[in-house]
file work16.cif (mmCIF, C-alpha atoms)
data_query
loop_
_atom_site.label_atom_id
_atom_site.label_comp_id
_atom_site.auth_asym_id
_atom_site.auth_seq_id
_atom_site.Cartn_x
_atom_site.Cartn_y
_atom_site.Cartn_z
CA MET B 490 -23.54 0.45 24.64
CA ASP B 491 -22.00 3.48 22.91
CA ASN B 492 -18.36 2.59 22.30
CA SER B 493 -17.54 5.52 20.02
CA VAL B 494 -14.82 8.12 20.57
CA SER B 495 -15.88 11.65 21.46
CA PRO B 496 -15.07 14.24 18.73
CA GLN B 497 -14.08 16.71 21.48
CA ASN B 498 -11.08 14.53 22.34
CA SER B 499 -10.05 13.90 18.74
CA LEU B 500 -6.89 15.07 17.03
CA VAL B 501 -8.15 13.70 13.72
CA SER B 502 -11.83 13.63 12.82
CA VAL B 503 -13.11 11.98 9.62
CA GLN B 504 -16.72 12.76 8.85
CA ASN B 505 -18.97 11.20 6.18
CA LEU B 506 -16.02 10.26 3.96
CA SER B 507 -16.60 8.79 0.52
CA PHE B 508 -13.86 7.98 -1.97
CA SER B 509 -13.67 5.91 -5.16
CA ARG B 510 -11.04 4.72 -7.60
CA GLY B 511 -12.69 4.44 -10.99
CA ASN B 512 -15.90 2.50 -10.49
CA LYS B 513 -14.74 0.92 -7.24
CA LYS B 514 -16.09 2.46 -4.04
CA ILE B 515 -13.27 2.46 -1.49
CA PHE B 516 -15.11 4.31 1.30
CA ASP B 517 -18.84 4.79 1.47
CA ASP B 518 -19.88 7.52 3.93
CA ILE B 519 -17.67 6.48 6.87
CA SER B 520 -16.83 8.48 10.00
CA LEU B 521 -13.91 7.88 12.37
CA GLU B 522 -12.38 9.66 15.36
CA PHE B 523 -8.72 9.45 16.43
CA GLU B 524 -8.31 10.43 20.06
CA ARG B 525 -5.40 12.57 21.25
CA GLY B 526 -2.65 10.63 22.97
CA LYS B 527 -4.07 7.25 21.98
CA ILE B 528 -3.16 4.50 19.53
CA THR B 529 -5.97 3.87 17.07
CA ALA B 530 -5.78 0.94 14.67
CA ILE B 531 -7.32 0.64 11.22
CA MET B 532 -7.69 -3.04 10.37
CA GLY B 533 -9.27 -5.08 7.66
CA PRO B 534 -8.51 -7.38 4.72
CA SER B 535 -5.96 -6.39 2.08
CA GLY B 536 -7.33 -4.03 -0.55
CA THR B 537 -9.88 -2.33 1.70
CA GLY B 538 -8.25 1.11 1.45
CA LYS B 539 -6.38 1.32 4.75
CA THR B 540 -3.32 3.01 3.22
CA THR B 541 -5.61 5.17 1.09
CA LEU B 542 -7.14 6.50 4.31
CA LEU B 543 -3.70 7.67 5.49
CA LYS B 544 -3.18 9.49 2.19
CA LEU B 545 -6.55 11.20 2.58
CA ILE B 546 -5.64 12.30 6.12
CA GLY B 547 -2.31 13.64 4.85
CA GLY B 548 -3.97 15.55 2.02
CA GLN B 549 -2.34 13.60 -0.82
CA LEU B 550 -5.77 12.47 -2.01
CA PHE B 551 -9.07 14.37 -2.11
CA PRO B 552 -12.37 12.84 -1.00
CA GLU B 553 -15.49 12.86 -3.14
CA GLN B 554 -17.51 13.69 -0.05
CA GLY B 555 -16.89 14.48 3.59
CA THR B 556 -14.38 16.36 5.69
CA ILE B 557 -11.12 15.50 7.43
CA ILE B 558 -10.12 17.70 10.35
CA VAL B 559 -6.57 17.46 11.76
CA ASP B 560 -5.88 19.51 14.89
CA GLY B 561 -8.69 21.91 13.97
CA ASN B 562 -7.64 22.24 10.31
CA ASN B 563 -9.85 21.17 7.41
CA VAL B 564 -7.11 19.38 5.49
CA HIS B 565 -8.59 19.72 2.02
CA ARG B 566 -9.32 23.44 2.34
CA LEU B 567 -5.83 24.47 3.42
CA ARG B 568 -3.57 26.51 1.20
CA ARG B 569 -0.54 24.61 -0.06
CA SER B 570 1.82 26.35 2.35
CA ASP B 571 -0.44 25.65 5.35
CA LEU B 572 -0.85 22.01 4.33
CA TYR B 573 2.93 21.75 4.01
CA ASN B 574 3.36 23.11 7.55
CA LEU B 575 0.71 20.74 8.91
CA ARG B 576 2.42 17.75 7.31
CA LYS B 577 5.64 18.62 9.14
CA ARG B 578 3.74 17.86 12.35
CA MET B 579 2.57 14.48 11.03
CA GLY B 580 5.20 11.73 11.08
CA MET B 581 4.86 8.80 8.70
CA LEU B 582 6.35 5.32 8.88
CA PHE B 583 6.09 3.78 5.42
CA GLN B 584 5.66 0.03 4.95
CA SER B 585 8.96 -0.17 3.05
CA GLY B 586 10.80 2.12 5.48
CA ALA B 587 11.64 4.35 2.48
CA LEU B 588 15.19 5.09 3.66
CA LEU B 589 17.37 7.07 1.28
CA THR B 590 19.74 4.43 -0.05
CA ASP B 591 22.71 6.72 -0.73
CA MET B 592 22.77 8.08 2.84
CA ASN B 593 23.93 6.35 6.00
CA VAL B 594 21.71 5.91 9.04
CA PHE B 595 22.78 9.17 10.68
CA ASP B 596 22.11 11.25 7.57
CA ASN B 597 18.75 9.58 6.97
CA VAL B 598 17.55 10.63 10.41
CA ALA B 599 19.17 14.06 10.08
CA PHE B 600 17.55 14.69 6.69
CA PRO B 601 14.22 16.21 7.89
CA LEU B 602 16.08 18.35 10.45
CA ARG B 603 18.39 19.73 7.79
CA GLU B 604 15.54 20.18 5.34
CA HIS B 605 13.01 21.88 7.62
CA THR B 606 15.02 23.67 10.30
CA HIS B 607 17.95 26.05 10.59
CA LEU B 608 19.57 24.27 13.50
CA PRO B 609 23.37 24.13 13.70
CA GLU B 610 25.02 20.79 12.96
CA SER B 611 26.01 20.40 16.59
CA MET B 612 22.36 20.51 17.64
CA ILE B 613 21.33 18.22 14.78
CA ARG B 614 23.94 15.69 15.91
CA THR B 615 22.55 15.72 19.44
CA LEU B 616 18.96 15.30 18.24
CA VAL B 617 19.83 12.49 15.82
CA LEU B 618 21.67 10.56 18.51
CA MET B 619 18.69 11.03 20.85
CA LYS B 620 16.26 9.65 18.25
CA LEU B 621 18.54 6.72 17.45
CA GLN B 622 18.92 5.99 21.16
CA ALA B 623 15.13 5.97 21.49
CA VAL B 624 14.87 3.15 18.91
CA GLY B 625 17.91 1.30 20.26
CA LEU B 626 20.17 1.85 17.23
CA ARG B 627 22.57 4.64 18.18
CA GLY B 628 25.42 2.22 17.50
CA ALA B 629 24.26 1.76 13.90
CA ARG B 630 24.64 5.41 12.94
CA SER B 631 27.37 4.78 10.32
CA LEU B 632 25.71 1.84 8.56
CA MET B 633 24.20 2.16 5.08
CA PRO B 634 20.60 1.02 4.45
CA ASN B 635 21.76 -2.08 2.56
CA GLU B 636 23.63 -3.18 5.69
CA LEU B 637 20.49 -3.16 7.84
CA SER B 638 18.10 -6.01 8.54
CA GLY B 639 14.44 -5.42 7.76
CA GLY B 640 13.64 -4.81 11.41
CA MET B 641 16.53 -2.37 11.83
CA ALA B 642 15.49 -0.44 8.73
CA ARG B 643 11.96 -0.07 10.09
CA ARG B 644 13.32 1.23 13.41
CA ILE B 645 15.62 3.73 11.66
CA ALA B 646 12.61 4.93 9.66
CA LEU B 647 10.76 5.39 12.94
CA ALA B 648 13.65 7.45 14.33
CA ARG B 649 13.40 9.65 11.23
CA ALA B 650 9.62 9.93 11.62
CA ILE B 651 10.02 11.40 15.13
CA ALA B 652 12.97 13.66 14.21
CA LEU B 653 10.79 16.79 14.08
CA ASP B 654 8.85 15.88 17.24
CA PRO B 655 5.50 15.46 15.46
CA MET B 656 2.14 15.56 17.18
CA MET B 657 1.12 12.29 15.52
CA ILE B 658 2.55 9.36 13.61
CA MET B 659 0.84 7.27 10.96
CA TYR B 660 2.15 3.71 10.63
CA ASP B 661 1.53 1.91 7.33
CA GLU B 662 1.71 -1.85 7.97
CA PRO B 663 4.63 -1.58 10.43
CA PHE B 664 4.78 -5.33 11.15
CA THR B 665 4.68 -6.68 7.59
CA GLY B 666 7.63 -8.90 6.70
CA GLN B 667 9.15 -8.80 10.17
CA ASP B 668 10.37 -11.80 12.16
CA PRO B 669 8.87 -12.37 15.64
CA ILE B 670 11.72 -10.59 17.45
CA SER B 671 11.50 -7.55 15.17
CA LYS B 672 7.72 -7.49 15.57
CA GLY B 673 8.12 -7.54 19.32
CA ALA B 674 10.60 -4.67 19.19
CA LEU B 675 8.26 -2.58 17.01
CA VAL B 676 5.28 -3.28 19.27
CA HIS B 677 7.32 -2.08 22.25
CA LEU B 678 8.57 1.01 20.40
CA ILE B 679 5.18 2.12 19.12
CA LYS B 680 3.62 1.81 22.57
CA SER B 681 6.50 3.35 24.52
CA LEU B 682 7.10 6.26 22.12
CA ASN B 683 3.39 7.07 22.07
CA THR B 684 3.40 7.26 25.88
CA ILE B 685 6.75 8.99 26.43
CA LEU B 686 6.38 11.56 23.65
CA GLY B 687 2.64 12.12 24.11
CA LEU B 688 1.94 11.18 20.51
CA THR B 689 -1.28 10.30 18.76
CA SER B 690 -0.75 7.19 16.64
CA ILE B 691 -2.70 5.71 13.74
CA VAL B 692 -1.68 2.14 12.93
CA VAL B 693 -2.80 0.58 9.66
CA SER B 694 -2.31 -3.16 9.85
CA HIS B 695 -3.73 -6.61 9.20
CA ASP B 696 -1.49 -8.20 11.85
CA VAL B 697 -4.15 -8.99 14.42
CA GLN B 698 -2.16 -10.08 17.46
CA GLU B 699 0.47 -7.34 17.40
CA THR B 700 -1.99 -4.54 16.66
CA ALA B 701 -4.56 -5.60 19.25
CA ALA B 702 -1.78 -5.72 21.86
CA ILE B 703 -1.07 -1.97 21.61
CA ALA B 704 -4.25 -0.35 20.26
CA ASP B 705 -6.54 1.64 22.51
CA TYR B 706 -9.27 1.59 19.89
CA ILE B 707 -9.81 -0.38 16.67
CA TYR B 708 -11.80 0.22 13.50
CA VAL B 709 -12.36 -2.76 11.18
CA ILE B 710 -13.11 -1.78 7.59
CA ALA B 711 -14.52 -4.00 4.83
CA GLU B 712 -16.29 -3.27 1.56
CA GLY B 713 -16.17 0.49 2.10
CA LYS B 714 -17.86 0.42 5.50
CA ILE B 715 -16.87 0.24 9.15
CA VAL B 716 -17.98 -3.27 10.10
CA GLY B 717 -16.74 -3.08 13.67
CA GLN B 718 -15.24 -0.64 16.16
CA GLY B 719 -14.30 -0.55 19.81
CA THR B 720 -11.58 -1.47 22.25
CA PRO B 721 -9.60 -4.65 21.54
CA LYS B 722 -11.78 -6.53 24.03
CA GLU B 723 -14.98 -5.25 22.42
CA ILE B 724 -13.69 -6.21 18.97
CA GLU B 725 -12.82 -9.69 20.22
CA GLN B 726 -16.39 -10.11 21.47
CA SER B 727 -18.00 -8.59 18.36
CA GLU B 728 -20.93 -10.48 16.84
CA SER B 729 -20.12 -9.20 13.34
CA ASP B 730 -19.32 -12.03 10.91
CA TRP B 731 -16.87 -9.75 9.09
CA VAL B 732 -15.01 -8.92 12.29
CA GLN B 733 -14.90 -12.51 13.49
CA GLN B 734 -13.62 -13.80 10.15
CA PHE B 735 -10.86 -11.22 10.07
CA MET B 736 -9.80 -11.57 13.70
CA THR B 737 -9.74 -15.39 13.59
CA GLY B 738 -8.33 -15.75 10.07
CA ALA B 739 -11.14 -18.00 8.84
CA ALA B 740 -10.70 -18.98 5.18
CA ASP B 741 -14.36 -18.46 4.29
CA GLY B 742 -17.11 -16.16 5.49
CA PRO B 743 -18.33 -12.76 4.29
CA ALA B 744 -14.98 -12.58 2.45
CA HIS B 745 -15.37 -15.62 0.22
CA PHE B 746 -12.57 -18.08 -0.47
CA HIS B 747 -13.76 -18.52 -4.09
CA TYR B 748 -13.70 -15.62 -6.55
CA PRO B 749 -17.18 -15.17 -8.12
CA ALA B 750 -17.67 -17.63 -11.00
CA LYS B 751 -20.43 -19.54 -12.75
CA ASP B 752 -21.51 -22.98 -11.59
CA TYR B 753 -18.50 -25.31 -11.30
CA VAL B 754 -20.09 -28.30 -13.09
CA ASP B 755 -21.42 -26.12 -15.90
CA ASP B 756 -17.98 -24.58 -16.26
CA LEU B 757 -16.31 -27.99 -16.51
CA LEU B 758 -18.78 -29.21 -19.14
CA SER B 759 -18.78 -25.99 -21.11
CA THR B 760 -17.48 -26.11 -24.70
CA GLY B 761 -16.77 -22.41 -24.70
CA LYS B 762 -13.44 -20.59 -24.42
CA ARG B 763 -10.73 -22.19 -22.33
CA TYR B 764 -10.03 -18.85 -20.57
#
call {"tool": "encode", "arguments": {"input": "work16.cif", "output": "C-alpha cells"}}
result
Amino acid sequence: MDNSVSPQNSLVSVQNLSFSRGNKKIFDDISLEFERGKITAIMGPSGTGKTTLLKLIGGQLFPEQGTIIVDGNNVHRLRRSDLYNLRKRMGMLFQSGALLTDMNVFDNVAFPLREHTHLPESMIRTLVLMKLQAVGLRGARSLMPNELSGGMARRIALARAIALDPMMIMYDEPFTGQDPISKGALVHLIKSLNTILGLTSIVVSHDVQETAAIADYIYVIAEGKIVGQGTPKEIEQSESDWVQQFMTGAADGPAHFHYPAKDYVDDLLSTGKRY
C-alpha cells in the first residue's frame, strides 16, 4: 500500500535531504511532503534532528544535499529579501514560547504587526484582541510574561505566531513541560486553528498521545532515516521495531538502554583507568 503524500498537494516538499553536524549524520537522504491544510507530525527520539529540520525549512541552516521547496520557492536559493518575505508567511511556535520579557501580553502579540506592517494602532488593537480571543486569553492582555503559567505563555506565543495570518505554522515541541489541562488546551487550539484559518501545520514532538490525536500524517525519524510514515492508524500498526519502540515507550529495542561499552565483567575486573 502506498501511504505517501502526493507532491502536487504539498506546501512544503523536502527532497533527498542530507545534513551533518561535524562527523554526525543528522539526515541521510530523506524526503518528506507536507500537505496543504493538514497537520503533519515529525516524531522520533530526542536528538534525532527534529528541530534541525524546522531550521532547514526556515532557511536558517543549509543542507549538504537536497532541496526544500516552500510554496513553490526553493528556500536555499532565495535572495535574502525574498527569504525574509517568505518567513513572514511562516509562523513559528518555539518550545520555550520565546516571549519578550519586558513587554506585556498585548505588546508581545502586537510586536510582529508593528514590525512588519504599517497598520494604524486602532487596527493593531483590533487584530491583537482577535488573536488573543482565538487562544482564550483576551483577558490576560495586560499581564507580563513572568505572571503567566507555562500553558498560558505557550498560548500567547501561539497568538503571536498567527498575528500576521501565516500560511503555515511550525510547532517545536508544543506539549513539552505542560500539565494535562494545558496539553489538552494546546491540542484543541492546534487542531481548531488549523481548520478555521486554513493553515498547514508541522508539529515536531515526542509526545505520542497528544500528537497522534491531531496529526493527519506522521513521519518517524531515527538515525538519520525515516523509519516509519503514514496516518496515525498506519503508524500504530507499523511492523517497524523502531516505530513500535517509540510509540510504546519501550526501554530497550533498536534504541538501546545501555550506552555502548566493553564487556561488563571485563570492565569490572579491569585494572585500567577508573574513568
call {"tool": "residues_around", "arguments": {"input": "work16.cif", "residues": "range 580-590 of chain B", "least_positions_apart": "3", "cutoff": "7 Å", "atoms": "all atoms listed in the file", "output": "PyMOL selection string"}}
result
chain B and resi 597+634+642-643+646-647+650-651+655+657-663
call {"tool": "residues_around", "arguments": {"input": "work16.cif", "residues": "range 699-701 of chain B", "least_positions_apart": "3", "cutoff": "7 Å", "atoms": "only C-alpha atoms", "output": "ChimeraX atom specification"}}
result
/B:530,676,694,696,704,721
call {"tool": "write_last_selection", "arguments": {"input": "work16.cif", "atoms": "C-alpha atoms", "output": "CSV table (one decimal), in the coordinates of the input"}}
result
chain,number,residue,atom,x,y,z
B,530,ALA,CA,-5.8,0.9,14.7
B,676,VAL,CA,5.3,-3.3,19.3
B,694,SER,CA,-2.3,-3.2,9.8
B,696,ASP,CA,-1.5,-8.2,11.8
B,704,ALA,CA,-4.2,-0.4,20.3
B,721,PRO,CA,-9.6,-4.6,21.5
call {"tool": "resolve_selection", "arguments": {"input": "work16.cif", "expression": "the PyMOL selection byres ((chain B and resi 603) around 12)", "output": "PDB file with C-alpha atoms, in the coordinates of the input"}}
result
ATOM      1  CA  PHE B 595      22.780   9.170  10.680  1.00  0.00           C
ATOM      2  CA  ASP B 596      22.110  11.250   7.570  1.00  0.00           C
ATOM      3  CA  ASN B 597      18.750   9.580   6.970  1.00  0.00           C
ATOM      4  CA  VAL B 598      17.550  10.630  10.410  1.00  0.00           C
ATOM      5  CA  ALA B 599      19.170  14.060  10.080  1.00  0.00           C
ATOM      6  CA  PHE B 600      17.550  14.690   6.690  1.00  0.00           C
ATOM      7  CA  PRO B 601      14.220  16.210   7.890  1.00  0.00           C
ATOM      8  CA  LEU B 602      16.080  18.350  10.450  1.00  0.00           C
ATOM      9  CA  GLU B 604      15.540  20.180   5.340  1.00  0.00           C
ATOM     10  CA  HIS B 605      13.010  21.880   7.620  1.00  0.00           C
ATOM     11  CA  THR B 606      15.020  23.670  10.300  1.00  0.00           C
ATOM     12  CA  HIS B 607      17.950  26.050  10.590  1.00  0.00           C
ATOM     13  CA  LEU B 608      19.570  24.270  13.500  1.00  0.00           C
ATOM     14  CA  PRO B 609      23.370  24.130  13.700  1.00  0.00           C
ATOM     15  CA  GLU B 610      25.020  20.790  12.960  1.00  0.00           C
ATOM     16  CA  SER B 611      26.010  20.400  16.590  1.00  0.00           C
ATOM     17  CA  MET B 612      22.360  20.510  17.640  1.00  0.00           C
ATOM     18  CA  ILE B 613      21.330  18.220  14.780  1.00  0.00           C
ATOM     19  CA  ARG B 614      23.940  15.690  15.910  1.00  0.00           C
ATOM     20  CA  LEU B 616      18.960  15.300  18.240  1.00  0.00           C
ATOM     21  CA  VAL B 617      19.830  12.490  15.820  1.00  0.00           C
ATOM     22  CA  ARG B 649      13.400   9.650  11.230  1.00  0.00           C
ATOM     23  CA  ALA B 652      12.970  13.660  14.210  1.00  0.00           C
ATOM     24  CA  LEU B 653      10.790  16.790  14.080  1.00  0.00           C
TER      25      LEU B 653
END
call {"tool": "resolve_selection", "arguments": {"input": "work16.cif", "expression": "the PyMOL selection byres ((chain B and resi 522) around 6)", "output": "PyMOL selection string"}}
result
chain B and resi 494+499+502+521+523
call {"tool": "atom_distance", "arguments": {"input": "work16.cif", "atom1": "CA of Gln698 in chain B", "atom2": "CA of Gly533 in chain B"}}
result
13.1 Å
call {"tool": "closest_residue", "arguments": {"input": "work16.cif", "among": "B:Ser759, B:Ser638, B:Ser729, B:Asn562", "to": "Ser671 in chain B", "atoms": "all atoms listed in the file"}}
result
B:Ser638
call {"tool": "residues_around", "arguments": {"input": "work16.cif", "residues": "Ile515 in chain B", "least_positions_apart": "6", "cutoff": "8 Å", "atoms": "only C-alpha atoms", "output": "list in words"}}
result
Ser507, Phe508, Ser509, Thr537, Gly538, Glu712 and Gly713 of chain B
call {"tool": "write_last_selection", "arguments": {"input": "work16.cif", "atoms": "C-alpha atoms", "output": "compact mmCIF listing (two decimals), in the coordinates of the input"}}
result
# COMPACT_ATOMS: atom_id res chain seq x y z
CA SER B 507 -16.60 8.79 0.52
CA PHE B 508 -13.86 7.98 -1.97
CA SER B 509 -13.67 5.91 -5.16
CA THR B 537 -9.88 -2.33 1.70
CA GLY B 538 -8.25 1.11 1.45
CA GLU B 712 -16.29 -3.27 1.56
CA GLY B 713 -16.17 0.49 2.10
call {"tool": "atom_distance", "arguments": {"input": "work16.cif", "atom1": "CA of Ile710 in chain B", "atom2": "CA of Ile670 in chain B"}}
result
28.1 Å
call {"tool": "atom_distance", "arguments": {"input": "work16.cif", "atom1": "CA of Ile703 in chain B", "atom2": "CA of Ser681 in chain B"}}
result
9.7 Å
call {"tool": "closest_residue", "arguments": {"input": "work16.cif", "among": "B:Thr541, B:Thr720, B:Asn635, B:Thr689", "to": "Leu506 in chain B", "atoms": "only C-alpha atoms"}}
result
B:Thr541
call {"tool": "closest_residue", "arguments": {"input": "work16.cif", "among": "B:Val624, B:Ile528, B:Ile645, B:Val501", "to": "Leu688 in chain B", "atoms": "all atoms listed in the file"}}
result
B:Ile528
call {"tool": "closest_residue", "arguments": {"input": "work16.cif", "among": "B:Met656, B:Val709, B:Ile724, B:Val732", "to": "Lys527 in chain B", "atoms": "only C-alpha atoms"}}
result
B:Met656
call {"tool": "residues_near_point", "arguments": {"input": "work16.cif", "point": "(-17.2, -9.5, 9.1)", "cutoff": "6 Å", "atoms": "only C-alpha atoms", "output": "list in words"}}
result
Ser729, Asp730, Trp731, Val732, Gln733, Gln734 and Pro743 of chain B
call {"tool": "residues_around", "arguments": {"input": "work16.cif", "residues": "Ala674 in chain B", "least_positions_apart": "5", "cutoff": "9 Å", "atoms": "all atoms listed in the file", "output": "list in words"}}
result
Val624, Gly640, Arg644, Pro669 and Ile679 of chain B
call {"tool": "axis_aligned_box", "arguments": {"input": "work16.cif", "around": "range 663-668 of chain B", "padding_each_side": "6 Å", "output": "JSON"}}
result
{"center_x": 7.5, "center_y": -6.7, "center_z": 9.4, "size_x": 17.7, "size_y": 22.2, "size_z": 17.5}
call {"tool": "closest_residue", "arguments": {"input": "work16.cif", "among": "B:Phe516, B:Leu626, B:Pro552, B:Tyr753", "to": "Lys539 in chain B", "atoms": "only C-alpha atoms"}}
result
B:Phe516
call {"tool": "residues_around", "arguments": {"input": "work16.cif", "residues": "range 591-593 of chain B", "least_positions_apart": "4", "cutoff": "6 Å", "atoms": "all atoms listed in the file", "output": "JSON list (two decimals) with C-alpha atoms, keeping the file's coordinate frame"}}
result
[["chain", "number", "residue", "atom", "x", "y", "z"],
["B", 597, "ASN", "CA", 18.75, 9.58, 6.97],
["B", 631, "SER", "CA", 27.37, 4.78, 10.32],
["B", 632, "LEU", "CA", 25.71, 1.84, 8.56],
["B", 633, "MET", "CA", 24.20, 2.16, 5.08]]
call {"tool": "resolve_selection", "arguments": {"input": "work16.cif", "expression": "the PyMOL selection byres ((chain B and resi 707) around 6)", "output": "list in words"}}
result
Thr529, Ala530, Tyr706, Tyr708, Gln718, Gly719 and Thr720 of chain B
call {"tool": "residues_near_point", "arguments": {"input": "work16.cif", "point": "(-7.7, 16.4, 13.5)", "cutoff": "6 Å", "atoms": "only C-alpha atoms", "output": "NGL selection string"}}
result
:B and (500-502 or 558-561)
call {"tool": "closest_residue", "arguments": {"input": "work16.cif", "among": "B:Ile531, B:Ile519, B:Val754, B:Met641", "to": "Ile691 in chain B", "atoms": "all atoms listed in the file"}}
result
B:Ile531
call {"tool": "decode", "arguments": {"input": "work16.cif", "residues": "range 552-607 of chain B", "atoms": "C-alpha atoms", "output": "short mmCIF file (atom, residue, chain, number, x, y, z; two decimals), in the first residue's frame"}}
result
data_model
loop_
_atom_site.label_atom_id
_atom_site.label_comp_id
_atom_site.auth_asym_id
_atom_site.auth_seq_id
_atom_site.Cartn_x
_atom_site.Cartn_y
_atom_site.Cartn_z
CA PRO B 552 21.65 21.31 3.64
CA GLU B 553 24.65 19.43 2.32
CA GLN B 554 22.42 17.85 -0.30
CA GLY B 555 18.83 18.09 -1.46
CA THR B 556 16.19 20.74 -1.93
CA ILE B 557 13.46 22.27 0.22
CA ILE B 558 10.53 23.84 -1.62
CA VAL B 559 8.07 26.04 0.32
CA ASP B 560 5.03 27.25 -1.64
CA GLY B 561 6.95 26.88 -4.90
CA ASN B 562 10.12 28.60 -3.61
CA ASN B 563 13.48 26.85 -3.37
CA VAL B 564 14.31 28.11 0.12
CA HIS B 565 18.08 27.92 -0.15
CA ARG B 566 18.27 29.70 -3.50
CA LEU B 567 16.23 32.74 -2.50
CA ARG B 568 17.77 36.16 -2.15
CA ARG B 569 17.88 37.43 1.42
CA SER B 570 14.98 39.83 0.88
CA ASP B 571 12.80 37.11 -0.69
CA LEU B 572 13.63 34.67 2.11
CA TYR B 573 12.73 37.37 4.63
CA ASN B 574 9.34 37.86 2.95
CA LEU B 575 8.71 34.11 2.84
CA ARG B 576 9.48 33.78 6.55
CA LYS B 577 6.80 36.36 7.33
CA ARG B 578 4.31 33.83 5.97
CA MET B 579 5.68 31.06 8.20
CA GLY B 580 4.62 31.23 11.84
CA MET B 581 6.77 29.58 14.49
CA LEU B 582 5.89 28.42 17.99
CA PHE B 583 9.13 27.92 19.89
CA GLN B 584 9.46 25.30 22.61
CA SER B 585 10.21 27.99 25.21
CA GLY B 586 7.49 30.34 23.93
CA ALA B 587 10.22 32.99 23.49
CA LEU B 588 8.05 35.86 24.72
CA LEU B 589 9.76 39.22 25.11
CA THR B 590 10.09 39.55 28.86
CA ASP B 591 9.95 43.35 29.05
CA MET B 592 6.65 43.56 27.14
CA ASN B 593 3.18 42.68 28.35
CA VAL B 594 0.97 40.15 26.60
CA PHE B 595 -0.70 42.71 24.32
CA ASP B 596 2.60 44.17 23.13
CA ASN B 597 4.11 40.72 22.57
CA VAL B 598 1.30 39.82 20.18
CA ALA B 599 1.35 43.28 18.60
CA PHE B 600 5.11 43.16 18.01
CA PRO B 601 5.12 41.43 14.58
CA LEU B 602 2.27 43.67 13.39
CA ARG B 603 4.16 46.80 14.38
CA GLU B 604 7.41 45.45 12.97
CA HIS B 605 6.16 44.21 9.59
CA THR B 606 3.11 46.32 8.74
CA HIS B 607 2.09 49.96 8.58
#
